[in-house]
Amino acid sequence: MSDTEVGAGGATVTTTSVPAGRRGFLRRMTFACAWGEGLDGFDLGLISVTLPAITTALGLDPVLAGLIGASSLIGIFIGAPLAGWLTDRFGRRRVFTVDVIAFIVLGLLQAVVADGWQLFAVRVLLGIAIGAEYAIGAAMLAEFAPSNDRGRRLSGLLVCWYAGYLAAVVAAYVMIDAFGLGWRWVLVTSAVPAVVTAIARIGFPESPRWLLSHGRPDEARAVVAAHLGGDDYFRDEQYAAEEQRAGGYRVLFSKENRQRLAFISLFWACNVAPYFAIFTFAPTVLDSLHLSNAAAGTITVNAMAAIGALVGMLTIERMGRRRQLIPPFWIMAVALAVVGLWGSAPGIVVVLCFAVFSFMNAAQGNLTAVYPIEVLPTEVRSTGVGFAAACSRVGAAAGTFLLPVGISTIGVGVCMLIAAAICVAGALLSQAMAPETTGRGLHDTSTQPLRQQPSKLRVGR
């Protein structure tokens with residue numbers, strides 16, 4: 001059933017209701033996708049705390065320590081575009097299940113590695129599984145979700161990422177300091193949330209938008225009727241506008257998609273590169289800045305990230321995409337510049353600056369799960385998200401690999417200034433390229449030219 005009401009600024013808002021009995025399906029879908037995203041945060045949180053112990057136990061030099069810190073990011077570079085192509089070609093549902101099973105097996109294998117290179121290899125494979133999750137999870141959820149809270153649901157994926165990272169940091173410190181567990185046991189705990197995710201994903205149907213793009217309209221209508229509310233939902237969420245089209249990398253790099261792909265790849269890289277570089281080595285960075293309690297500082301700044309992600313999720317549909325993207329880049333740049341320029345800053349100032357950076361990075365970071373989905377068409381959606389995720393991880397992996405080397409050579413202050421410069425680049429890029437997609441139907445946002453335009457606030461529920 002559809003209703004019309006007046007939205008912000010006097011715009012007309014069309015609201016499509018999902019029957020109450022069907023909303024449980026969307027909640028379960030959101031939960032299953034969010035926990036999958038949380039696996040990445042949890043895994044990277046564990047390695048950020050255990051890496052100093054791993055370095056000592058296995059006698060790692062700075063190069064190998066940097067490689068292990070960046071290993072999952074390297075794996076994402078491989079796994080995200082590969083899984084994206086497979087997902088667009090063979091369907092969302094298969095990859096949705098297989099990758100989380102692989103994560104369980106690889107998480108457990110970390111208990112039996114004998115040296116640094118074996119750990120590096122296992123964690124690259126883990127990164128491939130995580131990359132598959134980036135390519136499929138958000139696309140799967142968006143292709144079922146209604147327009148009016150699509151952004152909120154997709155933002156919830158990043159909330160779970162930051163919550164997973166924070167939970168891992170706290171749990172790792174507790175396991176090491178309170179219970180005296182070794183780093184192998186700490187890393188193995190990444191399999192626990194993976195098991196929960198695998199159970200939650202049992203029995204999901206194929207994406208109706210993917211079915212339509214592959215010429216299977218009867219199956220798509222059956223999925224919508226069984227899980228989302230039938231003909232009204234099918235009409236109002238623009239499923240009928242989906243066409244059978246060829247996909248693949250040739251289409252992704254076509255003239256009509258190149259600018260979209262460049263925007264999401266570059267702004268994503270500018271968001272994650274400073275974050276991963278700093279917080280994979282957070283204890284090391286804070287020690288270098290002479291903070292007396294690096295563990296407390298690490299937990300504090302990661303808690304602010306989790307709060308920032310939650311605030312971003314709750315405000316995204318009201319603020320709009322551009323306002324949640326551009327100002328945080330400038331604020332992050334200032335926070336990091338203060339740390340970089342004020343070498344003798346008191347510990348409270350350092351923690352405050354990193355807390356501000358974490359909060360803004362996470363609030364903005366929600367858009368890395370939203371914009372890529374909204375601006376790419378169905379036939380290349382997962383392929384494009386996978387490619388953009390891979391590009392973002394090139395910057396993140398490079399920063400993570402180079403940071404320990406940079407700290408020991410040019411110093412932590414210069415490293416922070418470089419991170420601030422990346423944020424400035426992200427702000428300028430976003431100002432020039434970011435569209436306003438808030439409240440627009442998924443078909444509209446993925447087919448109209450990528451340009452700055454006001455929200456049309458057509459929403460569905």
# chains A, B, ... in the order shown; residues from 1 in each chain; ligands from 1
>>> residues_around(residues="stretch 349-362 of chain A", least_positions_apart="2", cutoff="6 Å", atoms="only C-alpha atoms", output="ChimeraX atom specification")
/A:301,304-305,308-309,328,332,335,346-347,364-365
>>> write_last_selection(atoms="N, CA and C atoms", output="mmCIF file, in the first residue's frame")
data_model
loop_
_atom_site.group_PDB
_atom_site.id
_atom_site.type_symbol
_atom_site.label_atom_id
_atom_site.label_comp_id
_atom_site.auth_asym_id
_atom_site.auth_seq_id
_atom_site.Cartn_x
_atom_site.Cartn_y
_atom_site.Cartn_z
ATOM 1 N N VAL A 301 39.545 5.542 21.377
ATOM 2 C CA VAL A 301 39.347 6.050 20.016
ATOM 3 C C VAL A 301 38.496 5.091 19.190
ATOM 4 N N MET A 304 34.872 5.686 20.104
ATOM 5 C CA MET A 304 34.351 6.850 19.408
ATOM 6 C C MET A 304 33.995 6.525 17.965
ATOM 7 N N ALA A 305 34.753 5.622 17.352
ATOM 8 C CA ALA A 305 34.416 5.205 15.986
ATOM 9 C C ALA A 305 33.078 4.485 15.956
ATOM 10 N N GLY A 308 30.406 7.024 16.350
ATOM 11 C CA GLY A 308 30.275 7.798 15.114
ATOM 12 C C GLY A 308 29.498 7.054 14.047
ATOM 13 N N ALA A 309 29.764 5.761 13.910
ATOM 14 C CA ALA A 309 29.032 4.965 12.928
ATOM 15 C C ALA A 309 27.552 4.913 13.260
ATOM 16 N N PRO A 328 33.009 16.037 7.133
ATOM 17 C CA PRO A 328 33.897 15.207 7.950
ATOM 18 C C PRO A 328 35.319 15.100 7.411
ATOM 19 N N MET A 332 38.478 15.801 9.863
ATOM 20 C CA MET A 332 39.525 14.791 10.060
ATOM 21 C C MET A 332 40.901 15.343 9.717
ATOM 22 N N ALA A 335 42.125 17.500 12.610
ATOM 23 C CA ALA A 335 42.489 16.696 13.782
ATOM 24 C C ALA A 335 43.850 16.036 13.604
ATOM 25 N N PRO A 346 50.049 17.267 24.940
ATOM 26 C CA PRO A 346 49.691 16.390 26.068
ATOM 27 C C PRO A 346 48.893 15.184 25.583
ATOM 28 N N GLY A 347 48.961 14.110 26.357
ATOM 29 C CA GLY A 347 48.271 12.884 25.980
ATOM 30 C C GLY A 347 46.791 13.076 25.750
ATOM 31 N N GLN A 364 31.187 9.200 8.464
ATOM 32 C CA GLN A 364 31.303 9.314 7.019
ATOM 33 C C GLN A 364 31.451 7.951 6.356
ATOM 34 N N GLY A 365 32.132 7.050 7.048
ATOM 35 C CA GLY A 365 32.424 5.740 6.476
ATOM 36 C C GLY A 365 31.184 4.936 6.137
#
>>> atom_distance(atom1="atom CA of A:Gly413", atom2="atom CA of A:Phe120")
28.5 Å
>>> residues_around(residues="stretch 143-155 of chain A", least_positions_apart="6", cutoff="7 Å", atoms="only C-alpha atoms", output="list in words")
Thr30, Ser207, Arg209, Glu237, Met313, Leu314, Ile316, Glu317, Asn366, Leu367, Ala369, Val370, Gly439, Arg440, Gly441, Val459, Gly460 and Arg461 of chain A
>>> write_last_selection(atoms="C-alpha atoms", output="tab-separated table (two decimals), in the first residue's frame")
chain	number	residue	atom	x	y	z
A	30	THR	CA	19.86	-6.86	7.66
A	207	SER	CA	17.87	-11.19	-5.24
A	209	ARG	CA	16.73	-7.44	-9.05
A	237	GLU	CA	10.31	0.11	-5.60
A	313	MET	CA	23.31	5.56	10.62
A	314	LEU	CA	20.65	7.46	12.59
A	316	ILE	CA	21.88	9.67	7.11
A	317	GLU	CA	18.32	9.91	5.80
A	366	ASN	CA	28.80	4.57	6.41
A	367	LEU	CA	28.67	6.00	2.91
A	369	ALA	CA	28.32	0.91	2.03
A	370	VAL	CA	25.74	3.27	0.54
A	439	GLY	CA	15.39	9.12	-0.83
A	440	ARG	CA	15.69	8.30	-4.53
A	441	GLY	CA	14.67	4.95	-5.97
A	459	VAL	CA	10.94	6.69	-0.42
A	460	GLY	CA	9.56	3.26	0.33
A	461	ARG	CA	9.17	1.30	3.50
>>> select_by_dssp(residues="stretch 45-260 of chain A", states="helix (DSSP H, G or I)", output="number ranges by chain")
A: 45-58, 62-90, 92-112, 116-142, 147-178, 183-188, 191-200, 208-213, 217-227, 231-236, 239-241, 249-252, 255-260
>>> closest_residue(among="A:Val394, A:Val412, A:Ala135, A:Leu106", to="A:Ala273", atoms="only C-alpha atoms")
A:Val394
>>> atom_distance(atom1="atom CA of A:Ala396", atom2="atom CA of A:Val272")
6.0 Å
